[in-house]
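Student: Pasting target.txt here (compact mmCIF, C-alpha atoms and all ligand atoms):
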```txt
# COMPACT_ATOMS: atom_id res chain seq x y z
CA MET A 1 27.21 -0.55 -11.95
CA GLN A 2 27.95 -4.28 -11.69
CA THR A 3 25.23 -6.45 -13.24
CA SER A 4 24.12 -7.90 -9.90
CA PRO A 5 24.60 -5.29 -7.21
CA THR A 6 24.00 -6.09 -3.55
CA LEU A 7 20.67 -4.49 -2.72
CA GLY A 8 19.44 -2.99 0.54
CA PHE A 9 15.74 -2.48 1.33
CA ILE A 10 14.59 -0.19 4.16
CA GLY A 11 10.90 0.10 5.10
CA LEU A 12 8.87 -3.12 4.95
CA GLY A 13 5.31 -1.88 5.51
CA VAL A 14 2.08 -2.26 3.53
CA MET A 15 3.91 -1.54 0.25
CA GLY A 16 7.58 -2.11 1.11
CA GLY A 17 7.01 -5.63 2.51
CA PRO A 18 5.62 -7.13 -0.72
CA MET A 19 7.97 -5.03 -2.89
CA CYS A 20 10.93 -6.43 -0.97
CA LEU A 21 9.61 -9.99 -1.35
CA ASN A 22 9.57 -9.50 -5.14
CA VAL A 23 13.11 -8.13 -5.07
CA VAL A 24 14.31 -11.10 -2.99
CA ALA A 25 12.62 -13.57 -5.37
CA LYS A 26 13.93 -11.97 -8.60
CA HIS A 27 17.35 -10.46 -7.82
CA PRO A 28 20.30 -12.83 -8.40
CA ALA A 29 22.53 -11.27 -5.70
CA PRO A 30 22.09 -10.72 -1.93
CA VAL A 31 19.32 -8.50 -0.57
CA ILE A 32 19.77 -6.98 2.89
CA ALA A 33 16.70 -5.63 4.70
CA PHE A 34 15.93 -3.35 7.62
CA ASP A 35 12.82 -2.05 9.40
CA LEU A 36 12.14 -0.82 12.91
CA ASN A 37 9.34 -3.41 13.01
CA GLU A 38 10.71 -6.89 13.87
CA VAL A 39 7.63 -8.71 12.57
CA ALA A 40 7.98 -7.12 9.13
CA LEU A 41 11.71 -7.89 9.11
CA ASN A 42 11.11 -11.54 10.03
CA GLU A 43 8.76 -11.98 7.08
CA VAL A 44 11.34 -10.95 4.46
CA ALA A 45 14.15 -12.78 6.31
CA GLU A 46 12.15 -16.00 6.05
CA ALA A 47 11.95 -15.41 2.27
CA GLY A 48 15.75 -15.14 2.01
CA ALA A 49 16.73 -11.54 2.80
CA ARG A 50 19.65 -10.97 5.17
CA ARG A 51 18.65 -8.99 8.27
CA ALA A 52 20.64 -5.82 8.86
CA SER A 53 21.17 -4.77 12.48
CA SER A 54 20.93 -1.06 11.62
CA ILE A 55 20.77 1.37 8.71
CA ALA A 56 24.53 1.87 8.98
CA ASP A 57 25.11 -1.91 8.81
CA LEU A 58 22.96 -2.12 5.66
CA ALA A 59 24.49 0.97 4.04
CA ALA A 60 28.03 -0.34 4.56
CA SER A 61 27.44 -3.40 2.34
CA ALA A 62 24.82 -2.33 -0.23
CA ASP A 63 25.46 -0.99 -3.75
CA VAL A 64 21.88 0.19 -4.22
CA ILE A 65 19.44 0.98 -1.38
CA LEU A 66 15.67 0.98 -1.91
CA LEU A 67 13.52 2.94 0.56
CA SER A 68 9.77 2.59 1.20
CA LEU A 69 9.13 4.87 4.17
CA PRO A 70 6.06 6.83 5.36
CA GLY A 71 7.15 10.24 4.02
CA GLY A 72 9.83 12.86 3.56
CA LYS A 73 10.69 13.22 7.27
CA GLN A 74 11.58 9.53 7.58
CA VAL A 75 13.49 9.54 4.27
CA GLU A 76 15.52 12.52 5.46
CA ALA A 77 16.25 10.84 8.81
CA VAL A 78 17.31 7.56 7.19
CA CYS A 79 19.47 9.30 4.57
CA LEU A 80 20.94 12.22 6.49
CA GLY A 81 20.39 11.52 10.21
CA GLU A 82 22.92 10.18 12.71
CA GLY A 83 24.13 6.73 11.59
CA GLY A 84 22.27 7.24 8.33
CA ILE A 85 23.11 6.40 4.74
CA ALA A 86 25.18 9.55 4.07
CA SER A 87 27.59 8.75 6.88
CA ALA A 88 27.77 4.95 6.42
CA GLY A 89 27.42 4.49 2.65
CA ARG A 90 30.33 4.39 0.20
CA PRO A 91 30.75 6.88 -2.65
CA GLY A 92 29.11 5.38 -5.74
CA LEU A 93 26.15 4.11 -3.73
CA ILE A 94 22.71 4.72 -5.29
CA VAL A 95 19.61 5.42 -3.17
CA VAL A 96 16.24 4.78 -4.82
CA ASP A 97 13.35 6.28 -2.85
CA LEU A 98 10.04 4.50 -3.52
CA SER A 99 8.22 6.57 -0.85
CA THR A 100 5.94 9.51 -1.63
CA THR A 101 7.61 12.72 -0.41
CA ALA A 102 7.49 16.43 -1.16
CA VAL A 103 9.30 17.44 -4.35
CA ALA A 104 11.43 19.99 -2.48
CA GLU A 105 12.43 17.30 0.06
CA ALA A 106 13.51 14.90 -2.71
CA ARG A 107 15.65 17.59 -4.35
CA ALA A 108 17.20 18.72 -1.04
CA ILE A 109 18.05 15.14 0.03
CA ALA A 110 19.57 14.43 -3.41
CA ALA A 111 21.80 17.50 -3.10
CA ARG A 112 22.97 16.56 0.40
CA LEU A 113 23.70 12.93 -0.59
CA ALA A 114 25.62 14.13 -3.66
CA GLU A 115 28.07 15.85 -1.26
CA ALA A 116 28.93 12.33 0.01
CA GLY A 117 29.24 10.96 -3.56
CA ILE A 118 25.87 9.18 -3.28
CA GLN A 119 23.31 9.36 -6.11
CA PHE A 120 19.58 9.67 -5.41
CA VAL A 121 16.57 8.63 -7.50
CA ASP A 122 12.96 9.48 -6.60
CA ALA A 123 10.74 6.59 -7.71
CA PRO A 124 7.34 6.80 -5.97
CA VAL A 125 4.87 4.04 -6.71
CA ALA A 126 1.17 4.00 -7.64
CA ARG A 127 -1.49 1.28 -7.32
CA THR A 128 -2.35 -1.03 -4.45
CA ARG A 129 -0.78 -3.51 -2.02
CA GLN A 130 -2.11 -6.25 -4.35
CA ALA A 131 -0.12 -4.68 -7.21
CA ALA A 132 2.94 -4.55 -4.94
CA GLN A 133 2.48 -8.29 -4.29
CA ALA A 134 2.05 -9.05 -8.00
CA GLY A 135 4.98 -6.84 -9.08
CA THR A 136 2.63 -4.73 -11.22
CA LEU A 137 3.06 -1.27 -9.68
CA SER A 138 3.32 1.90 -11.75
CA ILE A 139 6.60 3.61 -10.86
CA MET A 140 7.32 7.26 -11.72
CA VAL A 141 11.00 8.11 -11.78
CA GLY A 142 13.01 11.31 -11.42
CA ALA A 143 16.69 10.91 -12.37
CA ALA A 144 19.27 11.89 -14.98
CA PRO A 145 18.97 9.58 -18.04
CA ASP A 146 22.14 7.55 -17.30
CA LEU A 147 21.08 6.98 -13.70
CA PHE A 148 17.57 6.00 -14.80
CA ALA A 149 19.08 3.41 -17.18
CA LYS A 150 21.01 1.86 -14.26
CA VAL A 151 18.06 1.49 -11.91
CA GLU A 152 15.27 0.67 -14.36
CA PRO A 153 15.96 -3.13 -14.39
CA LEU A 154 15.70 -3.16 -10.58
CA LEU A 155 12.44 -1.19 -10.63
CA ARG A 156 11.00 -3.74 -13.06
CA TYR A 157 11.18 -6.37 -10.28
CA MET A 158 8.36 -4.38 -8.64
CA GLY A 159 6.59 -2.52 -11.42
CA SER A 160 5.02 -3.37 -14.77
CA ASP A 161 4.97 0.32 -15.75
CA VAL A 162 8.12 2.37 -15.18
CA THR A 163 7.98 5.96 -16.48
CA HIS A 164 10.97 8.28 -16.64
CA CYS A 165 9.35 11.62 -15.71
CA GLY A 166 12.42 13.90 -15.82
CA GLY A 167 15.28 14.93 -13.56
CA THR A 168 15.41 14.67 -9.76
CA GLY A 169 11.98 15.35 -8.22
CA GLY A 170 10.14 14.64 -11.50
CA GLY A 171 8.82 11.32 -10.21
CA GLN A 172 7.32 13.01 -7.15
CA VAL A 173 5.77 15.79 -9.28
CA VAL A 174 3.85 13.21 -11.33
CA LYS A 175 2.97 11.00 -8.35
CA LEU A 176 1.62 13.91 -6.26
CA ILE A 177 -0.50 15.20 -9.14
CA ASN A 178 -1.83 11.67 -9.83
CA ASN A 179 -2.80 11.29 -6.18
CA ALA A 180 -4.34 14.77 -5.88
CA LEU A 181 -6.54 14.05 -8.93
CA LEU A 182 -7.66 10.72 -7.47
CA PHE A 183 -8.40 12.11 -3.98
CA GLU A 184 -10.40 14.98 -5.49
CA HIS A 185 -12.30 12.59 -7.72
CA VAL A 186 -13.16 10.22 -4.87
CA ALA A 187 -14.43 13.18 -2.77
CA ALA A 188 -16.60 14.40 -5.67
CA LEU A 189 -17.97 10.88 -6.21
CA ALA A 190 -18.74 10.42 -2.50
CA GLU A 191 -20.75 13.67 -2.49
CA MET A 192 -22.78 12.63 -5.53
CA MET A 193 -23.47 9.08 -4.27
CA VAL A 194 -25.02 10.60 -1.14
CA VAL A 195 -26.98 13.13 -3.24
CA ALA A 196 -28.35 10.33 -5.46
CA GLU A 197 -29.52 8.29 -2.49
CA ARG A 198 -31.24 11.25 -0.84
CA ALA A 199 -32.85 12.10 -4.18
CA GLY A 200 -34.33 8.61 -4.40
CA VAL A 201 -31.84 6.76 -6.66
CA ALA A 202 -29.93 3.78 -5.30
CA PRO A 203 -26.13 4.37 -5.41
CA ALA A 204 -25.66 1.03 -7.23
CA THR A 205 -28.02 2.21 -9.98
CA LEU A 206 -26.24 5.55 -10.16
CA LEU A 207 -22.81 3.95 -10.60
CA GLU A 208 -24.03 1.44 -13.15
CA ALA A 209 -25.69 4.12 -15.30
CA VAL A 210 -22.88 6.69 -14.98
CA SER A 211 -20.28 4.05 -15.85
CA LYS A 212 -21.95 3.92 -19.29
CA GLY A 213 -21.80 7.70 -19.71
CA SER A 214 -19.25 10.50 -19.72
CA GLY A 215 -19.10 10.59 -15.91
CA ASP A 216 -17.33 7.20 -15.90
CA SER A 217 -13.86 7.01 -14.36
CA PHE A 218 -11.20 4.83 -12.76
CA ALA A 219 -12.32 6.15 -9.35
CA LEU A 220 -15.93 5.16 -10.04
CA ARG A 221 -15.01 1.62 -11.14
CA ASN A 222 -12.57 1.02 -8.32
CA HIS A 223 -13.14 3.22 -5.28
CA GLY A 224 -16.86 3.67 -6.03
CA LEU A 225 -17.87 0.12 -6.95
CA LYS A 226 -15.41 -1.84 -4.79
CA ALA A 227 -15.27 0.27 -1.61
CA MET A 228 -17.92 3.01 -1.29
CA LEU A 229 -20.84 0.92 -2.55
CA PRO A 230 -20.24 -2.15 -0.30
CA ARG A 231 -18.87 0.14 2.45
CA GLU A 232 -15.61 -1.81 2.68
CA PHE A 233 -12.77 0.31 4.06
CA PRO A 234 -10.09 -2.03 5.42
CA GLU A 235 -7.04 -0.95 7.38
CA ARG A 236 -3.58 -1.71 5.95
CA SER A 237 -4.54 -0.27 2.56
CA PHE A 238 -4.29 3.46 1.70
CA PRO A 239 -5.42 5.41 4.77
CA SER A 240 -6.80 8.96 5.00
CA GLU A 241 -3.73 9.84 7.11
CA TYR A 242 -1.55 9.26 4.03
CA VAL A 243 -4.02 11.17 1.83
CA LEU A 244 -3.50 14.22 4.03
CA LYS A 245 0.27 13.84 3.76
CA ASP A 246 0.21 13.57 -0.05
CA LEU A 247 -2.38 16.33 -0.56
CA GLY A 248 -0.32 18.60 1.69
CA TYR A 249 2.72 17.96 -0.51
CA ALA A 250 0.65 18.58 -3.69
CA ILE A 251 -0.79 21.84 -2.29
CA ASP A 252 2.69 23.06 -1.32
CA LEU A 253 3.95 22.16 -4.80
CA ALA A 254 1.10 24.05 -6.50
CA LYS A 255 1.66 27.13 -4.34
CA SER A 256 5.40 27.04 -5.04
CA CYS A 257 4.44 27.21 -8.75
CA GLY A 258 2.12 30.21 -8.22
CA VAL A 259 -1.12 28.17 -8.49
CA GLU A 260 -3.81 28.38 -5.77
CA PRO A 261 -5.12 24.76 -5.77
CA LYS A 262 -8.74 25.27 -4.71
CA MET A 263 -9.88 21.77 -5.74
CA SER A 264 -7.14 20.11 -3.69
CA THR A 265 -7.83 22.37 -0.71
CA THR A 266 -11.53 21.48 -0.72
CA ALA A 267 -10.74 17.75 -0.94
CA GLN A 268 -8.23 18.19 1.89
CA SER A 269 -11.03 19.44 4.18
CA TYR A 270 -12.92 16.13 3.71
CA TYR A 271 -9.93 13.95 4.52
CA ARG A 272 -9.01 16.14 7.49
CA ALA A 273 -12.54 15.74 8.85
CA ALA A 274 -12.23 11.95 8.35
CA VAL A 275 -9.01 11.82 10.35
CA GLU A 276 -10.51 14.02 13.08
CA ALA A 277 -13.55 11.70 13.25
CA GLY A 278 -11.27 8.70 13.89
CA PHE A 279 -11.29 7.26 10.34
CA GLY A 280 -7.58 8.02 9.86
CA PRO A 281 -6.21 4.47 9.51
CA ARG A 282 -9.09 3.22 7.30
CA TYR A 283 -9.14 3.10 3.49
CA PHE A 284 -9.66 6.71 2.35
CA PRO A 285 -12.97 6.37 0.41
CA SER A 286 -14.49 6.00 3.91
CA ILE A 287 -15.08 9.79 3.72
CA ILE A 288 -18.49 8.84 2.26
CA GLU A 289 -19.50 7.75 5.77
CA LEU A 290 -18.94 11.32 7.00
CA LEU A 291 -21.03 12.70 4.14
CA ASP A 292 -23.77 10.23 5.03
CA ARG A 293 -23.90 11.69 8.52
CA SER A 294 -23.92 15.31 7.34
CA GLY A 295 -27.17 17.32 7.64
CA SER A 296 -29.71 17.14 4.83
P1 LIG B 1 3.66 1.80 6.10
O1 LIG B 1 3.44 2.81 7.17
O2 LIG B 1 2.81 0.58 6.05
O3 LIG B 1 5.20 1.31 6.10
C1 LIG B 1 6.28 2.13 6.41
C2 LIG B 1 7.36 1.24 7.02
O4 LIG B 1 8.52 2.06 7.28
C3 LIG B 1 6.95 0.63 8.36
O5 LIG B 1 7.17 -0.78 8.34
C4 LIG B 1 7.86 1.32 9.39
O6 LIG B 1 8.22 0.49 10.49
C5 LIG B 1 9.08 1.64 8.52
N1 LIG B 1 9.90 2.74 9.04
C6 LIG B 1 9.50 3.97 9.42
N2 LIG B 1 10.56 4.69 9.82
C7 LIG B 1 11.64 3.89 9.70
C8 LIG B 1 13.03 4.05 9.96
N3 LIG B 1 13.50 5.21 10.46
N4 LIG B 1 13.86 3.03 9.72
C9 LIG B 1 13.38 1.85 9.24
N5 LIG B 1 12.08 1.63 8.97
C10 LIG B 1 11.22 2.64 9.21
O7 LIG B 1 3.55 2.63 4.73
P2 LIG B 1 3.12 2.09 3.28
O8 LIG B 1 1.65 2.10 3.14
O9 LIG B 1 3.92 0.86 2.98
O10 LIG B 1 3.66 3.31 2.37
C11 LIG B 1 5.03 3.51 2.13
C12 LIG B 1 5.15 4.66 1.13
O11 LIG B 1 4.46 4.31 -0.08
C13 LIG B 1 4.50 5.95 1.65
O12 LIG B 1 5.31 7.04 1.26
C14 LIG B 1 3.14 5.98 0.95
O13 LIG B 1 2.67 7.30 0.76
C15 LIG B 1 3.46 5.30 -0.36
N6 LIG B 1 2.34 4.56 -1.01
C16 LIG B 1 1.46 3.81 -0.27
C17 LIG B 1 0.44 3.12 -0.92
C18 LIG B 1 -0.57 2.30 -0.16
O14 LIG B 1 -1.57 1.85 -0.77
N7 LIG B 1 -0.37 2.05 1.14
C19 LIG B 1 0.32 3.18 -2.32
C20 LIG B 1 1.25 3.93 -3.04
C21 LIG B 1 2.26 4.61 -2.38
```
Will you turn the file into structure tokens for me?
Ligand code: NAD

Tutor:
Amino acid sequence: MQTSPTLGFIGLGVMGGPMCLNVVAKHPAPVIAFDLNEVALNEVAEAGARRASSIADLAASADVILLSLPGGKQVEAVCLGEGGIASAGRPGLIVVDLSTTAVAEARAIAARLAEAGIQFVDAPVARTRQAAQAGTLSIMVGAAPDLFAKVEPLLRYMGSDVTHCGGTGGGQVVKLINNALLFEHVAALAEMMVVAERAGVAPATLLEAVSKGSGDSFALRNHGLKAMLPREFPERSFPSEYVLKDLGYAIDLAKSCGVEPKMSTTAQSYYRAAVEAGFGPRYFPSIIELLDRSGS
């Protein structure tokens, strides 16, 4: 690959918008962007990205295309649908998918793109919108070693931790397991914060004391202290709708490996209830508000 490939960026939402801004600021060659949302596209165009008129327009001029889309369905449509990357991109093109998708979807899309001479890397991201803005995401990558070596410098525009997890789909395996563990942990913590309060101990006291003991965790220090305790669950962060998507992918993955994931399935029931109660777009630790309402 040339040292400064022309980059394309498709999907400029909560994560993709700030990731693209970092790419525009740090990449020494042109960056072309596309999103269905004009407002999001305007923001990166003002920072110096060239606006593409369509996915086909972008795919015709890019050497590497970065995707940050809601999930596997959208990635499949953008890559393999009518006017998509497979039909408009040149052989030798590399697609790097930063979205969280099912492992089977990533592997199937990679195989279909390979028929058009296009290489595919799954590179889902962890951490927050603030980390996307700061360029300090953790990125988990599935690709053959030579392909990983080509894309790693580009991923470092957006991430401070870039881990090569294995061949195609390996990035999604690690990302889905990371997320399932976090969602289960936040559900367990929400239950116990409500228990403590009903048993006469203030949740703030609980978290402070447990943070000094073996029950301490990343979820306690972040989701517990910063969201569940002050009851701050903003929109445009990580919503319960996306939790359901990712947990569904993790449960399918576990089942495909012969494991019945009872912990994930229990956590899924909390987030499903949150979406059904209208909390879908809010930050996912808001499930504690449902537990608060539950019968004592
Ligand atoms: P988002 O919904 O905010 O953004 C998705 C963007 O894709 C939107 O701007 C939408 O207009 C665009 N889009 C959808 N279909 C399109 C198409 N066919 N063509 C062009 N653009 C299209 O989502 P997000 O929160 O930025 O998440 C993106 C991915 O990152 C998801 O897979 C999510 O699971 C993952 N993720 C999110 C977070 C988070 O905190 N929000 C953290 C880590 C990973």

Student: Hey, what's within 6 Å of range 230-236 of chain A if we count all atoms listed in the file and toss same-chain stuff fewer than 6 positions away? As number ranges by chain, please?

Tutor: A: 281-283, 286

Student: As a quick test: using only C-alpha atoms and all ligand atoms, which residues lie no more than 8 Å away from ligand LIG 1 (chain B)? Give them as a PyMOL selection string.

Tutor: chain A and resi 10-17+34-37+40+55+68-72+74-75+77-78+98-101+124-129+236-239+242-243+245-246

Student: Please report the interatomic distance between CA of Ala267 in chain A and CA of Glu184 in chain A in Å with one decimal.

Tutor: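 Interatomic distance, CA of Ala267 in chain A to CA of Glu184 in chain A: 5.3 Å.
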
Student: State, in Å with one decimal place, the distance from CA of Lys255 in chain A to CA of Val173 in chain A.

Tutor: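 So the answer is 13.0 Å.
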
Student: Suppose you want the space between CA of Leu80 in chain A and CA of Ala149 in chain A; what is it in Å?

Tutor: 25.3 Å

Student: Nearest residue to Asn178 in chain A out of A:Ala33, A:Ala132, A:Leu247, A:Met192, using only C-alpha atoms?

Tutor: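 Closest to Asn178 in chain A of all the choices is A:Leu247.
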
Student: List the spatial neighbours of Pro91 in chain A as a PDB file with C-alpha atoms, in the frame of the given file - criterion: any atom at most 9 Å away, all atoms listed in the file, same-chain residues fewer than 4 positions off excluded.

Tutor:
```pdb
ATOM      1  CA  ALA A 114      25.620  14.130  -3.660  1.00  0.00           C
ATOM      2  CA  ALA A 116      28.930  12.330   0.010  1.00  0.00           C
ATOM      3  CA  GLY A 117      29.240  10.960  -3.560  1.00  0.00           C
ATOM      4  CA  ILE A 118      25.870   9.180  -3.280  1.00  0.00           C
ATOM      5  CA  GLN A 119      23.310   9.360  -6.110  1.00  0.00           C
TER       6      GLN A 119
END
```

Student: Could you check the closest approach to Ile139 in chain A for each of A:Lys73, A:His164, A:His223, A:Lys212 and tell me which residue wins, using all atoms listed in the file?

Tutor: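 So, comparing all the options, the nearest one is A:His164.
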
Student: List as an NGL selection string the protein and nucleic acid residues near Leu207 in chain A, meaning an atom at most 8 Å away when all atoms listed in the file are counted, but skip any in the same chain fewer than 4 places from it.

Tutor: :A and (203 or 211 or 220 or 224-225)

Student: Tell me which of A:Cys165, A:Leu244, A:Val201, A:Val44 sits closest to Phe183 in chain A, counting all atoms listed in the file.

Tutor: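 Closest to Phe183 in chain A, using all atoms listed in the file: A:Leu244.
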
Student: Can you tell me, as a list in words, which residues sit within 10 Å of (20.8, -10.9, -8.8) in the file's frame, using only C-alpha atoms?

Tutor: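 Applying the cut-off with only C-alpha atoms, one gets Thr3, Ser4, Pro5, Thr6, Leu7, Val23, Val24, Ala25, Lys26, His27, Pro28, Ala29, Pro30, Val31 and Leu154 of chain A.
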
Student: Considering only C-alpha atoms, can you say which of A:Gly166, A:Gly8, A:Met19, A:Ala131 comes closest to Pro145 in chain A?

Tutor: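 The closest residue to Pro145 in chain A is A:Gly166.
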
Student: When distances are computed from all atoms listed in the file, which of A:Leu41, A:Val259, A:Val96, A:Ala188 shows the smallest separation from Leu155 in chain A?

Tutor: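 For Leu155 in chain A, the nearest of the candidates is A:Val96.
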
Student: Could you write out as AutoDock Vina command-line options the box around range 155-160 of chain A (axis-aligned, all atoms listed in the file, 3 Å on each side), with centre and edge lengths in Å to one decimal?

Tutor:
```
--center_x 8.7 --center_y -3.8 --center_z -11.7 --size_x 13.4 --size_y 11.2 --size_z 12.1
```

Student: Choose the residue, out of A:Ile85, A:Ala180, A:Val64, A:Val151, that has the smallest atom-to-atom separation from Ile109 in chain A; count all atoms listed in the file.

Tutor: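 Nearest to Ile109 in chain A: A:Ile85.
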
Student: Would you fill the gaps in range 29-56 of chain A so it has N, CA and C atoms, then print it as a CSV table (one decimal), in the coordinates of the input?

Tutor:
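The file below, out_7.csv, is the result:
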```csv
chain,number,residue,atom,x,y,z
A,29,ALA,N,21.5,-11.5,-6.7
A,29,ALA,CA,22.5,-11.3,-5.7
A,29,ALA,C,21.9,-11.0,-4.3
A,30,PRO,N,22.7,-10.9,-3.3
A,30,PRO,CA,22.1,-10.7,-1.9
A,30,PRO,C,21.2,-9.5,-1.8
A,31,VAL,N,20.2,-9.6,-0.9
A,31,VAL,CA,19.3,-8.5,-0.6
A,31,VAL,C,19.4,-8.4,1.0
A,32,ILE,N,19.7,-7.2,1.4
A,32,ILE,CA,19.8,-7.0,2.9
A,32,ILE,C,18.6,-6.1,3.3
A,33,ALA,N,17.9,-6.4,4.4
A,33,ALA,CA,16.7,-5.6,4.7
A,33,ALA,C,16.8,-5.1,6.1
A,34,PHE,N,16.0,-3.9,6.3
A,34,PHE,CA,15.9,-3.4,7.6
A,34,PHE,C,14.6,-2.7,7.8
A,35,ASP,N,14.0,-2.8,9.0
A,35,ASP,CA,12.8,-2.0,9.4
A,35,ASP,C,12.9,-2.0,10.9
A,36,LEU,N,12.2,-0.9,11.5
A,36,LEU,CA,12.1,-0.8,12.9
A,36,LEU,C,11.2,-1.9,13.5
A,37,ASN,N,10.3,-2.4,12.6
A,37,ASN,CA,9.3,-3.4,13.0
A,37,ASN,C,9.9,-4.8,12.8
A,38,GLU,N,10.1,-5.5,13.9
A,38,GLU,CA,10.7,-6.9,13.9
A,38,GLU,C,9.9,-7.9,13.1
A,39,VAL,N,8.5,-7.8,13.2
A,39,VAL,CA,7.6,-8.7,12.6
A,39,VAL,C,7.8,-8.6,11.1
A,40,ALA,N,7.8,-7.3,10.6
A,40,ALA,CA,8.0,-7.1,9.1
A,40,ALA,C,9.3,-7.6,8.7
A,41,LEU,N,10.4,-7.4,9.5
A,41,LEU,CA,11.7,-7.9,9.1
A,41,LEU,C,11.8,-9.4,9.1
A,42,ASN,N,11.1,-10.1,10.0
A,42,ASN,CA,11.1,-11.5,10.0
A,42,ASN,C,10.5,-12.1,8.7
A,43,GLU,N,9.4,-11.4,8.3
A,43,GLU,CA,8.8,-12.0,7.1
A,43,GLU,C,9.7,-12.0,5.9
A,44,VAL,N,10.5,-10.9,5.6
A,44,VAL,CA,11.3,-11.0,4.5
A,44,VAL,C,12.6,-11.8,4.7
A,45,ALA,N,13.0,-11.9,6.0
A,45,ALA,CA,14.2,-12.8,6.3
A,45,ALA,C,13.8,-14.2,6.0
A,46,GLU,N,12.6,-14.6,6.3
A,46,GLU,CA,12.2,-16.0,6.0
A,46,GLU,C,12.2,-16.3,4.5
A,47,ALA,N,12.0,-15.2,3.7
A,47,ALA,CA,12.0,-15.4,2.3
A,47,ALA,C,13.4,-15.4,1.7
A,48,GLY,N,14.4,-15.1,2.5
A,48,GLY,CA,15.8,-15.1,2.0
A,48,GLY,C,16.6,-13.9,2.1
A,49,ALA,N,16.0,-12.8,2.6
A,49,ALA,CA,16.7,-11.5,2.8
A,49,ALA,C,17.6,-11.7,4.0
A,50,ARG,N,18.8,-11.0,4.0
A,50,ARG,CA,19.6,-11.0,5.2
A,50,ARG,C,19.2,-9.8,6.0
A,51,ARG,N,19.1,-10.0,7.4
A,51,ARG,CA,18.6,-9.0,8.3
A,51,ARG,C,19.8,-8.1,8.6
A,52,ALA,N,19.6,-6.8,8.4
A,52,ALA,CA,20.6,-5.8,8.9
A,52,ALA,C,20.3,-5.5,10.3
A,53,SER,N,21.4,-5.1,11.1
A,53,SER,CA,21.2,-4.8,12.5
A,53,SER,C,20.9,-3.3,12.6
A,54,SER,N,21.2,-2.5,11.6
A,54,SER,CA,20.9,-1.1,11.6
A,54,SER,C,21.0,-0.5,10.2
A,55,ILE,N,20.6,0.7,10.0
A,55,ILE,CA,20.8,1.4,8.7
A,55,ILE,C,22.2,1.4,8.3
A,56,ALA,N,23.1,1.8,9.3
A,56,ALA,CA,24.5,1.9,9.0
A,56,ALA,C,25.1,0.5,8.5
```
